[in-house]
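This report refers to the structure that appears directly beneath it.
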Amino acid sequence: MNKLKHEKKTMWVVLLTAITMVVEIIFGITTKSMALLADGIHMGSHVLAIGLSWIAYIAVRKATKSHKFTGNSEKILSLSGYTSGILLLLFAVFILVEAVERLYHPAEIIYKDAILVAIIGLIINIASAFLLHHDHSHSDHNIKAAYLHVLADALTSVAAIVGLVCAMIWNISFIDPLVAIASSIVIIKWSIGLLKESGKALLDMETDVPQHHHH
């Protein structure tokens with residue numbers, strides 16, 4: 001049963017990501033790096049999102065066994081995708097506001113630690129992406145949502161690393177919040193896409209257009 005396999009994979013990704021997220025947020029605060037904090041919060045939103053996917057898998061499995069449940073169990077997956085989209089949107093707006101504030105009040109950043117943690121985050125993201133990518137079917141919004149989350153994460157990790165390295169070399173601290181702002185704009189675009197896609201599925205609107213994703 002490949003649903004069960006997805007569920008297991010999703011669980012591992014949730015655990016890995018959750019640990020990394022805690023580390024990134026703590027270091028984001030202690031090293032005063034906005035980009036790293038954005039990366040950590042971004043990861044956190046994914047822990048929630050992928051966690052929702054994981055719960056959705058279990059719910060679908062239980063629902064398909066139960067005779068009382070007559071609804072469309074696939075809808076549970078779309079609902080979890082939709083919820084992820086909303087969470088992502090909220091986090092992105094939060095980071096945007098914080099980073100803009102940081103532009104006006106720069107802080108001393110401890111670069112070496114921040115860069116190291118961002119690199120660890122990236123490695124975990126890549127590992128998670130491989131875990132999720134092996135068999136993602138188009139029909140399953142859920143594994144796709146989880147996969148997109150992980151990819152978006154890798155993107156913000158790369159941005160954080162590049163931004164921090166440039167800021168350190170040229171000693172310009174404002175690159176850090178700029179990267180955070182760029183990351184949050186990307187997250188906002190992605191989350192709106194996810195909301196549109198899962199929202200259509202929830203409303204039973206036929207999506208006959210094949211979904212193309214840049215990547």
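Just remember, in the structure tokens the first chain shown is A, the second B, etc., residues are 1-based per chain, and ligands are 1-based in the order shown.
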
Long-range neighbours of Ile192 (chain A) as a ChimeraX atom specification, 12 Å cut-off, only C-alpha atoms, 3 positions minimum in chain: /A:81-90,92,185-189,195-199

12 Å contact set for Glu74 (chain A), only C-alpha atoms, chain neighbours under 6 positions out, as a PyMOL selection string: chain A and resi 3+53+56-61+63-64+80-81+139-142+198+201-202+204

Interface rows for region 58-173 of chain A against region 4-17 of chain A: nearest pair, Å to one decimal, 9 Å, only C-alpha atoms, as JSON lines:
{"residue": "A:Ile58", "atom": "CA", "partner": "A:Glu7", "partner_atom": "CA", "distance": 7.4}
{"residue": "A:Arg61", "atom": "CA", "partner": "A:Leu4", "partner_atom": "CA", "distance": 8.4}
{"residue": "A:Gly121", "atom": "CA", "partner": "A:Thr17", "partner_atom": "CA", "distance": 8.5}
{"residue": "A:Ile124", "atom": "CA", "partner": "A:Leu16", "partner_atom": "CA", "distance": 7.2}
{"residue": "A:Asn125", "atom": "CA", "partner": "A:Thr17", "partner_atom": "CA", "distance": 7.6}
{"residue": "A:Ala127", "atom": "CA", "partner": "A:Val13", "partner_atom": "CA", "distance": 8.7}
{"residue": "A:Ser128", "atom": "CA", "partner": "A:Val13", "partner_atom": "CA", "distance": 5.6}
{"residue": "A:Ala129", "atom": "CA", "partner": "A:Val13", "partner_atom": "CA", "distance": 8.7}
{"residue": "A:Leu131", "atom": "CA", "partner": "A:Lys9", "partner_atom": "CA", "distance": 6.5}
{"residue": "A:Leu132", "atom": "CA", "partner": "A:Lys9", "partner_atom": "CA", "distance": 6.7}
{"residue": "A:Asp135", "atom": "CA", "partner": "A:His6", "partner_atom": "CA", "distance": 8.6}
{"residue": "A:His136", "atom": "CA", "partner": "A:His6", "partner_atom": "CA", "distance": 8.8}
{"residue": "A:Ile143", "atom": "CA", "partner": "A:His6", "partner_atom": "CA", "distance": 7.3}
{"residue": "A:Ala146", "atom": "CA", "partner": "A:Thr10", "partner_atom": "CA", "distance": 7.8}
{"residue": "A:Val150", "atom": "CA", "partner": "A:Thr17", "partner_atom": "CA", "distance": 8.9}

Computed interatomic separation between CA of Ile41 (chain A) and CA of Ile25 (chain A) (Å):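 Result for CA of Ile41 (chain A) versus CA of Ile25 (chain A): 6.6 Å, one decimal.
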
Shell around region 93-102 of chain A at 12 Å using only C-alpha atoms, local window under 2 positions removed, as a PyMOL selection string: chain A and resi 32-42+45+86-91+104-109+173-189+191

Sel. of helix (DSSP H, G or I) residues, region 40-157 of chain A, as number ranges by chain: A: 40-65, 74-104, 111-133, 141-157

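A straight line drawn from CA of Leu194 (chain A) to CA of Ile50 (chain A) is 13.3 Å long.
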
Residue nearest Ala159 (chain A) - candidates A:Gly193, A:Ile172, A:Ala118, A:Met21, atoms counted: only C-alpha atoms: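 Nearest candidate to Ala159 (chain A) out of A:Gly193, A:Ile172, A:Ala118, A:Met21: A:Ala118.
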
CA of Ala49 (chain A) to CA of Leu79 (chain A), straight-line distance in Å: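 Going from CA of Leu79 (chain A) over to CA of Ala49 (chain A) covers 10.9 Å.
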
Selected residue of minimal separation from Ile119 (chain A) among A:Leu164, A:Ile19, A:Ile29, A:Val158, counting only C-alpha atoms: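 Smallest separation from Ile119 (chain A) among the options: A:Val158.
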